[in-house]
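Have a look at final25.cif; it's mmCIF, C-alpha atoms:
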data_input
#
loop_
_atom_site.label_atom_id
_atom_site.label_comp_id
_atom_site.auth_asym_id
_atom_site.auth_seq_id
_atom_site.Cartn_x
_atom_site.Cartn_y
_atom_site.Cartn_z
CA MET A 1 165.54 262.62 223.50
CA ASN A 2 163.94 262.02 220.12
CA GLU A 3 160.98 264.15 219.16
CA ARG A 4 157.54 262.55 219.15
CA VAL A 5 155.87 262.03 215.81
CA VAL A 6 152.07 262.03 215.74
CA LYS A 7 150.45 260.32 212.78
CA PRO A 8 147.37 261.95 211.19
CA PRO A 9 144.23 261.11 213.19
CA VAL A 10 141.80 258.46 211.97
CA PHE A 11 138.91 260.94 212.07
CA ASP A 12 139.17 264.56 210.93
CA ASP A 13 136.33 265.54 213.24
CA VAL A 14 135.68 264.04 216.67
CA MET A 15 131.94 264.61 216.17
CA THR A 16 131.94 261.79 213.60
CA LEU A 17 133.11 259.36 216.27
CA ALA A 18 130.94 260.85 219.04
CA ASP A 19 127.79 260.54 216.93
CA TYR A 20 128.73 256.98 215.99
CA VAL A 21 129.21 256.01 219.65
CA VAL A 22 125.83 257.49 220.59
CA ASP A 23 124.04 255.73 217.73
CA MET A 24 125.80 252.39 218.34
CA CYS A 25 124.94 252.45 222.04
CA ALA A 26 121.29 253.36 221.49
CA ASN A 27 120.46 251.57 218.25
CA LYS A 28 122.64 248.45 218.19
CA LEU A 29 123.49 247.74 221.83
CA TYR A 30 120.25 249.14 223.28
CA ARG A 31 122.31 250.81 226.02
CA PRO A 32 121.92 254.55 225.53
CA VAL A 33 124.62 256.50 227.34
CA THR A 34 124.76 259.81 229.16
CA ASN A 35 126.91 262.74 228.10
CA LEU A 36 129.15 261.93 231.07
CA GLN A 37 129.68 258.35 229.82
CA LEU A 38 130.21 259.53 226.24
CA GLN A 39 132.96 261.93 227.32
CA LYS A 40 134.86 259.26 229.23
CA MET A 41 134.33 256.70 226.47
CA LEU A 42 135.90 259.06 223.93
CA PHE A 43 138.82 259.76 226.26
CA PHE A 44 139.54 256.09 226.89
CA MET A 45 138.95 255.07 223.27
CA ASN A 46 141.53 257.65 222.14
CA LEU A 47 143.99 256.58 224.85
CA PHE A 48 143.58 252.84 224.23
CA PHE A 49 143.80 253.31 220.45
CA CYS A 50 147.13 255.07 220.92
CA LEU A 51 148.26 252.35 223.32
CA ASP A 52 147.12 249.51 221.05
CA MET A 53 148.86 251.02 218.01
CA LYS A 54 152.09 251.04 220.04
CA ARG A 55 151.59 247.48 221.32
CA CYS A 56 150.92 245.99 217.89
CA GLY A 57 153.91 247.73 216.30
CA GLU A 58 151.83 249.98 214.06
CA CYS A 59 153.74 252.92 215.53
CA GLY A 60 157.51 253.14 215.91
CA GLU A 61 159.39 254.05 219.07
CA ASN A 62 158.55 257.77 218.98
CA GLU A 63 155.41 257.54 216.85
CA TYR A 64 151.88 257.86 218.16
CA ALA A 65 148.45 257.52 216.55
CA PHE A 66 145.10 258.87 217.71
CA LEU A 67 141.49 258.47 216.70
CA PHE A 68 141.03 262.25 216.68
CA ASP A 69 143.05 265.38 217.26
CA GLU A 70 141.16 267.44 219.80
CA ASP A 71 142.18 268.40 223.31
CA PHE A 72 140.08 267.56 226.34
CA GLU A 73 139.37 269.87 229.23
CA ALA A 74 139.90 268.60 232.80
CA TRP A 75 136.45 269.11 234.34
CA GLN A 76 135.31 268.05 237.80
CA TYR A 77 134.07 264.67 236.59
CA GLY A 78 136.94 263.95 234.23
CA PRO A 79 138.03 264.73 230.66
CA VAL A 80 135.52 266.58 228.48
CA LEU A 81 135.49 267.53 224.81
CA LYS A 82 133.69 270.88 224.94
CA ARG A 83 132.16 270.67 221.43
CA VAL A 84 130.74 267.21 222.12
CA TYR A 85 129.45 268.34 225.50
CA GLU A 86 127.72 271.36 223.94
CA LYS A 87 125.93 269.22 221.36
CA TYR A 88 124.52 266.79 223.92
CA LYS A 89 124.25 268.84 227.12
CA TYR A 90 120.45 269.13 227.14
CA LYS A 91 119.87 265.40 226.62
CA PRO A 92 120.00 263.39 229.86
CA THR A 93 120.23 260.10 227.96
CA LEU A 94 121.57 259.95 224.43
CA TRP A 95 119.20 258.02 222.18
CA THR A 96 120.30 259.44 218.85
CA SER A 97 122.94 261.75 217.42
CA GLN A 98 120.34 263.39 215.20
CA SER A 99 119.23 266.88 216.20
CA THR A 100 115.47 266.61 216.17
CA THR A 101 112.44 267.73 218.10
CA GLU A 102 110.77 264.40 217.39
CA ASN A 103 110.43 261.59 219.90
CA PRO A 104 113.95 261.06 221.36
CA PHE A 105 113.17 257.37 221.92
CA GLN A 106 112.64 256.73 218.22
CA ALA A 107 116.01 255.42 217.16
CA THR A 108 117.20 254.96 213.62
CA SER A 109 117.61 251.37 212.49
CA GLU A 110 121.38 251.52 211.91
CA PRO A 111 124.19 253.88 212.90
CA LYS A 112 125.74 255.72 209.97
CA LYS A 113 128.70 253.92 208.42
CA ILE A 114 131.81 255.30 210.06
CA SER A 115 134.52 253.69 207.93
CA ASP A 116 135.12 251.25 205.10
CA ASP A 117 137.90 249.70 207.17
CA GLU A 118 136.21 246.64 208.72
CA VAL A 119 139.07 246.05 211.16
CA LEU A 120 138.75 249.59 212.48
CA VAL A 121 134.96 249.29 212.79
CA LYS A 122 135.31 246.00 214.73
CA TYR A 123 137.93 247.62 216.95
CA LEU A 124 135.71 250.63 217.69
CA ASN A 125 132.66 248.46 218.29
CA LYS A 126 134.59 246.33 220.77
CA TYR A 127 135.54 249.35 222.87
CA ILE A 128 132.07 250.89 222.55
CA ASP A 129 130.58 247.65 223.85
CA VAL A 130 133.08 247.36 226.73
CA PHE A 131 132.87 250.98 227.87
CA SER A 132 129.09 251.29 227.49
CA LYS A 133 128.72 248.49 230.06
CA LYS A 134 130.73 250.41 232.65
CA PRO A 135 128.79 252.50 235.17
CA PRO A 136 129.32 256.24 234.56
CA PHE A 137 131.10 256.89 237.83
CA LEU A 138 133.46 253.94 237.36
CA LEU A 139 134.55 255.70 234.16
CA VAL A 140 134.92 258.94 236.13
CA ARG A 141 136.98 257.19 238.83
CA GLU A 142 139.25 255.60 236.24
CA SER A 143 139.73 258.93 234.46
CA HIS A 144 140.82 260.40 237.83
CA ARG A 145 143.52 257.72 238.25
CA GLU A 146 146.47 259.03 240.29
CA TYR A 147 149.30 260.18 238.02
CA GLY A 148 147.03 259.93 234.96
CA ALA A 149 146.47 262.81 232.52
CA TRP A 150 143.44 264.29 234.35
CA ASP A 151 145.20 264.08 237.73
CA ARG A 152 148.41 265.70 236.44
CA VAL A 153 146.58 268.48 234.60
CA THR A 154 144.27 269.38 237.50
CA LYS A 155 147.27 269.47 239.88
CA ASP A 156 149.35 271.59 237.49
CA LYS A 157 146.72 273.84 235.88
CA GLY A 158 143.61 273.43 238.01
CA LYS A 159 140.16 272.44 236.85
CA PHE A 160 139.40 273.25 233.21
CA GLY A 161 143.06 272.87 232.28
CA THR A 162 143.75 271.35 228.87
CA ILE A 163 144.54 267.65 228.48
CA THR A 164 146.62 267.53 225.32
CA GLN A 165 147.77 264.67 223.11
CA GLY A 166 151.09 265.02 224.89
CA ASP A 167 149.37 264.23 228.20
CA ILE A 168 147.78 261.13 226.66
CA VAL A 169 151.14 260.09 225.20
CA GLU A 170 152.62 260.37 228.69
CA ASP A 171 149.87 258.04 229.95
CA VAL A 172 150.58 255.58 227.14
CA ASP A 173 154.30 255.59 227.89
CA LYS A 174 153.63 255.07 231.62
CA PHE A 175 151.16 252.31 230.80
CA LEU A 176 153.73 250.49 228.66
CA LYS A 177 156.25 250.74 231.52
CA LYS A 178 153.53 249.46 233.91
CA GLU A 179 153.74 252.68 235.92
CA LEU A 180 150.07 253.47 235.25
CA ASP A 181 147.06 251.26 234.76
CA TYR A 182 143.46 251.89 233.76
CA PHE A 183 140.79 249.24 234.40
CA GLY A 184 143.42 246.75 235.57
CA VAL A 185 144.47 245.82 232.03
CA ALA A 186 148.18 246.77 232.07
CA ASN A 187 149.21 243.14 231.99
CA ASP A 188 146.86 242.15 229.13
#
This entry written out as structure tokens:
Amino acid sequence: MNERVVKPPVFDDVMTLADYVVDMCANKLYRPVTNLQLQKMLFFMNLFFCLDMKRCGECGENEYAFLFDEDFEAWQYGPVLKRVYEKYKYKPTLWTSQSTTENPFQATSEPKKISDDEVLVKYLNKYIDVFSKKPPFLLVRESHREYGAWDRVTKDKGKFGTITQGDIVEDVDKFLKKELDYFGVAND
């Protein structure tokens, strides 16, 4: 079997993307999200980015690309990025990524520019829009999909096990073979 090659991630720090998602949801879409939603959105955005890069031919047979290079933990309600969780854990609804003691409902006018690549920004905004419309526990249910990364890790390592890029790659490969489906989009 050929060894997997992982391309450098789009973002050096997942917090850049997390803050962008929070600000887009609150300030552009007027749909602030919870920490629970944010965690699942980041998981699915990373998974679907990897999947879409394979589908469009951007990645070769054993190549994979990710938005960020950070492992998730398999918590009770699905995949969690601990650093992102820690930043937002005391905010029930995420109105802004800015750490401030001011009014949390006072949003900035525009999210910070995340990239000069307009195609990437459109791509991210599409998934942010789609996932921010999903109820939080639908995202949880989908992240718990049988034979998916969270399910495999919790069965093998128990809760708080690590969901690695390798686990996401396994999901992508299963998805492409139509052995796994999230949100009923395997045939899209």
*Would you mind listing what lies within 6 Å of stretch 138-146 of chain A as a PyMOL selection string, with only C-alpha atoms counted and same-chain residues fewer than 3 positions away left out?*
chain A and resi 77-78+135+150-151
*Which residues match the PyMOL selection byres ((chain A and resi 72-75) around 7) in the file above, as an MDAnalysis selection string?*
chainID A and resid 70:71 76:81 150 153:154 159:164
*Answer key for the PyMOL selection byres ((chain A and resi 34) around 12), residues as JSON, numbers by chain*: {"A": [18, 21, 22, 25, 26, 31, 32, 33, 35, 36, 37, 38, 39, 40, 41, 84, 85, 88, 89, 90, 91, 92, 93, 94, 95, 96, 132, 134, 135, 136, 137, 139]}
*Any chance you could work out the residue set of the PyMOL selection byres ((chain A and resi 51) around 12) here, as a PyMOL selection string?*
chain A and resi 44-50+52-60+63-67+168-177+181-182+185-186+188
*Which of these, A:Lys178, A:Val10, A:Tyr30, A:Gly166, has the shortest distance to A:Leu120 once you count only C-alpha atoms?*
A:Val10
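Distance-wise, atom CA of A:Leu42 and atom CA of A:Ile128 end up 9.1 Å apart.
Put simply, atom CA of A:Asp167 is 5.4 Å away from atom CA of A:Ala149.
Using only C-alpha atoms for every distance, the candidate list A:Asp156, A:Asp129, A:Glu179, A:Glu61 yields A:Asp129 as the residue closest to A:Lys28.
Of the residues listed (A:Asp116, A:Asp19, A:Gly148, A:Leu180), A:Asp19 shows the shortest atom-to-atom separation from A:Lys87; distances use all atoms listed in the file.
Atom pair atom CA of A:Tyr127 / atom CA of A:Phe11 has a distance of 16.2 Å (rounded to one decimal).
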*Find, counting all atoms listed in the file, the residue in A:Val14, A:Lys113, A:Gly184, A:Asn27 that gets nearest to A:Lys82.*
A:Val14
*Compare A:Asp12, A:Tyr20, A:Lys133, A:Arg4 by their minimum atom-to-atom distance to A:Ile114, counting only C-alpha atoms, and give me the closest one.*
A:Tyr20
